[in-house]
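*Asks:* Input structure: entry.txt, which contains compact mmCIF, C-alpha atoms.
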# COMPACT_ATOMS: atom_id res chain seq x y z
CA MET A 86 61.84 125.66 235.41
CA SER A 87 60.43 125.27 231.90
CA ARG A 88 62.66 125.07 228.89
CA LYS A 89 62.53 127.22 225.81
CA PRO A 90 60.72 125.48 222.92
CA LEU A 91 62.87 124.31 220.03
CA SER A 92 62.97 126.62 217.04
CA GLU A 93 62.00 125.50 213.57
CA LYS A 94 65.58 126.08 212.45
CA VAL A 95 66.89 123.54 214.96
CA LYS A 96 64.22 121.03 213.97
CA ARG A 97 65.12 121.43 210.30
CA LEU A 98 68.81 120.93 211.11
CA VAL A 99 68.08 117.71 212.99
CA LEU A 100 65.90 116.38 210.18
CA LYS A 101 68.48 117.40 207.58
CA GLU A 102 71.24 115.57 209.47
CA ARG A 103 69.09 112.47 209.75
CA LYS A 104 68.33 112.59 206.03
CA ASN A 105 71.99 113.09 205.05
CA ASN A 106 73.35 110.56 207.56
CA PRO A 107 70.69 107.96 208.39
CA SER A 108 73.19 105.78 210.25
CA LEU A 109 73.98 108.47 212.85
CA GLY A 110 72.51 108.05 216.30
CA ILE A 111 70.90 110.79 218.35
CA ARG A 112 74.10 111.58 220.26
CA ALA A 113 76.10 111.91 217.05
CA ILE A 114 73.47 114.16 215.50
CA ALA A 115 73.50 116.40 218.60
CA LYS A 116 77.32 116.60 218.54
CA LYS A 117 77.42 117.34 214.83
CA ILE A 118 74.87 120.16 215.11
CA GLN A 119 76.80 121.65 218.02
CA ALA A 120 80.11 121.43 216.14
CA GLU A 121 78.88 122.74 212.81
CA HIS A 122 76.26 125.31 213.88
CA ASN A 123 77.31 126.11 217.46
CA ILE A 124 73.83 125.18 218.70
CA LYS A 125 73.68 123.17 221.87
CA ILE A 126 70.93 120.55 221.72
CA SER A 127 70.39 117.61 224.01
CA LYS A 128 70.10 114.04 222.81
CA SER A 129 66.60 113.85 224.27
CA SER A 130 65.58 116.87 222.16
CA VAL A 131 66.99 115.19 219.06
CA HIS A 132 65.07 112.04 219.95
CA LYS A 133 61.88 114.03 220.47
CA ILE A 134 62.20 115.69 217.05
CA LEU A 135 62.80 112.37 215.33
CA VAL A 136 59.82 110.74 217.07
CA GLU A 137 57.55 113.66 216.14
CA ASN A 138 58.51 113.20 212.48
CA GLY A 139 58.28 109.41 212.44
CA LEU A 140 62.03 108.86 212.08
CA ARG A 141 62.63 107.03 215.35
CA ASP A 142 65.22 104.25 215.34
CA LYS A 143 65.08 101.04 217.27
CA PRO A 144 66.96 101.32 220.56
CA GLY A 145 70.45 99.86 220.71
CA ARG A 146 73.52 99.90 218.53
CA LYS A 147 73.33 100.87 214.91
CA ARG A 148 73.99 98.22 212.30
CA ALA A 149 75.50 100.63 209.76
CA VAL A 150 78.89 98.92 209.75
CA LEU A 151 77.31 95.50 209.28
CA SER A 152 75.09 96.67 206.43
CA TYR A 153 78.17 98.22 204.80
CA LYS A 154 80.00 94.92 205.03
CA LYS A 155 76.96 93.05 203.75
CA ASN A 156 76.97 95.16 200.59
CA LEU A 157 80.63 94.34 199.99
CA ILE A 158 80.10 90.60 200.08
CA SER A 159 78.77 90.57 196.52
CA GLU A 160 82.12 92.00 195.33
CA CYS A 161 84.27 89.41 197.13
CA GLY A 162 84.11 87.01 194.19
CA LEU A 163 85.44 89.71 191.90
CA ILE A 164 88.29 90.47 194.27
CA LEU A 165 89.10 86.76 194.50
CA LEU A 166 89.09 86.46 190.70
CA ARG A 167 91.45 89.43 190.49
CA ALA A 168 93.76 87.85 193.10
CA VAL A 169 93.82 84.53 191.22
CA ASP A 170 94.74 86.38 188.04
CA ASP A 171 97.61 88.17 189.78
CA TYR A 172 98.91 84.90 191.23
CA VAL A 173 98.44 82.56 188.27
CA GLY A 174 98.28 84.91 185.27
CA LEU A 175 94.91 83.56 184.18
CA PHE A 176 93.97 86.47 181.92
CA ASP A 177 97.39 86.55 180.25
CA HIS A 178 97.00 82.89 179.35
CA LEU A 179 93.46 83.36 178.04
CA SER A 180 94.47 86.36 175.94
CA GLU A 181 97.24 84.25 174.34
CA GLU A 182 94.70 81.56 173.49
CA PHE A 183 92.22 84.05 171.97
CA LYS A 184 94.92 85.79 169.89
CA VAL A 185 94.30 83.19 167.15
CA PHE A 186 90.66 84.25 166.84
CA MET A 187 91.35 88.00 166.92
CA PRO A 188 94.51 88.60 164.88
CA ARG A 189 93.92 92.35 164.43
CA LEU A 190 93.92 93.07 168.16
CA ASN A 191 97.07 93.19 170.23
CA LYS A 192 97.51 91.09 173.36
CA GLU A 193 96.65 93.92 175.78
CA GLU A 194 93.38 94.72 174.01
CA ILE A 195 92.38 91.06 174.04
CA LYS A 196 93.30 90.84 177.72
CA LYS A 197 91.05 93.82 178.50
CA LEU A 198 88.16 92.19 176.65
CA VAL A 199 88.69 88.89 178.48
CA ILE A 200 88.86 90.62 181.87
CA PHE A 201 85.77 92.69 181.17
CA THR A 202 83.80 89.67 179.98
CA ALA A 203 84.85 87.55 182.95
CA PHE A 204 84.06 90.21 185.50
CA SER A 205 80.79 91.43 183.95
CA SER A 206 79.46 87.89 183.64
CA TYR A 207 80.14 87.43 187.34
CA THR A 208 77.92 90.36 188.33
CA LYS A 209 74.27 89.80 189.18
CA SER A 210 72.76 91.48 186.15
CA GLY A 211 75.51 90.72 183.68
CA ALA A 212 74.50 93.84 181.73
CA PHE A 213 77.48 95.21 179.83
CA ARG A 214 76.17 98.79 179.72
CA GLN A 215 75.68 98.87 183.48
CA CYS A 216 79.20 97.52 184.03
CA LEU A 217 80.66 100.14 181.68
CA GLU A 218 78.96 102.92 183.66
CA ASP A 219 80.04 101.60 187.08
CA ARG A 220 83.35 103.29 187.87
CA ASP A 221 84.02 101.13 190.93
CA PHE A 222 83.56 98.01 188.83
CA LEU A 223 85.99 99.30 186.19
CA ARG A 224 88.50 100.30 188.86
CA LEU A 225 88.31 96.83 190.43
CA THR A 226 88.89 95.13 187.11
CA GLY A 227 91.75 97.47 186.23
CA LEU A 228 89.86 98.69 183.16
CA TYR A 229 89.14 102.22 184.31
CA HIS A 230 90.33 103.56 180.94
CA LEU A 231 88.60 100.95 178.77
Can the structure in the file be given as C-alpha cells, please?
*Replies:*
Amino acid sequence: MSRKPLSEKVKRLVLKERKNNPSLGIRAIAKKIQAEHNIKISKSSVHKILVENGLRDKPGRKRAVLSYKKNLISECGLILLRAVDDYVGLFDHLSEEFKVFMPRLNKEEIKKLVIFTAFSSYTKSGAFRQCLEDRDFLRLTGLYHL
C-alpha cells in the first residue's frame, strides 16, 4: 500500500517549525504540528523533509539545554558580584568614598554610577553603550531605570 505524498503545506510547516525552534527534535516537531494544525505526520516524514532540505541533525539527544547553560556562564561573575554586594554592602561603601569627589550628586546616584561601572567593566566588550541597551544587563545590575 503506497502512501499519499506530502503536500507542500506540510513541508513548509515542518521547515517553519525547524527554523523557529532549531532545538526541537523530529518527534517534537511532529507533535507540535499535530497539536497546532491538526495534521498527523510521522517522525520519519519529518526526518525525510529535513534531510531533503539539508537540515538533518546528528542522531542522539539534543544539546539545547547544555548550550543554554553555556551561554549563562559568562553572567555568573556578574551574579556573584551582585551577591557579594548584597552580603557585604560593597557598593554602598564605594559610593560613600566617592561622595567627596562628586559633591553635587546624592548617594543613590553615585551608587548607580559605581554599580554600572563595575558591572560594565566586567563584561567582555566593556562598551557602555551596549550595556545601556541590554535590558537583561540593566535588570541584573538593578539599574533598569538608569
*Asks:* Set the distance at 9 Å and use all atoms listed in the file: which residues neighbour stretch 117-119 of chain A once local chain neighbours fewer than 3 positions away are removed? I'd like the list as a list in words.
*Replies:*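 In the requested form, the answer reads Val95, Leu98, Val99, Glu102, Arg112, Ala113, Ile114, His122, Asn123, Ile124, Lys125 and Ile126 of chain A.
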*Asks:* Could you check how far atom CA of A:Leu100 sits from atom CA of A:Val131, in Å to one decimal?
*Replies:*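 Separation between atom CA of A:Leu100 and atom CA of A:Val131: 9.0 Å.
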*Asks:* Would you place a box with edges along x, y and z of the file around all atoms of stretch 172-184 of chain A listed there, add 4 Å to each of its six sides, and report the centre and edge lengths in Å to one decimal, as JSON?
*Replies:*
{"center_x": 95.6, "center_y": 84.1, "center_z": 180.6, "size_x": 14.7, "size_y": 13.0, "size_z": 29.3}
*Asks:* Using all atoms listed in the file, can you tell me which of A:Lys184, A:Lys192, A:Lys96, A:Lys197 comes closest to A:Leu135?
*Replies:*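 Closest candidate: A:Lys96.
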*Asks:* Please determine, counting all atoms listed in the file, which residue among A:Ile134, A:Leu190, A:Val199, A:Val185 has the shortest atom-to-atom distance to A:Ser92.
*Replies:*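 The answer is A:Ile134, which sits nearest to A:Ser92.
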*Asks:* Figure out the distance between atom CA of A:Glu181 and atom CA of A:Ile195, please, to one decimal in Å.
*Replies:* 8.4 Å
*Asks:* Which residue out of A:Lys133, A:Phe201, A:Val173, A:Leu166 has the minimum interatomic distance to A:Pro90 when all atoms listed in the file are used?
*Replies:*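 Closest residue, counting all atoms listed in the file: A:Lys133.
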*Asks:* Which distance in Å separates atom CA of A:Leu179 and atom CA of A:Glu193, to one decimal?
*Replies:*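 Atom CA of A:Glu193 lies at a distance of 11.3 Å from atom CA of A:Leu179.
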*Asks:* Considering all atoms listed in the file, state which residue in the set A:Ser108, A:Lys101, A:Asp170, A:Ala115 is at the smallest distance from A:Asn138.
*Replies:* A:Lys101
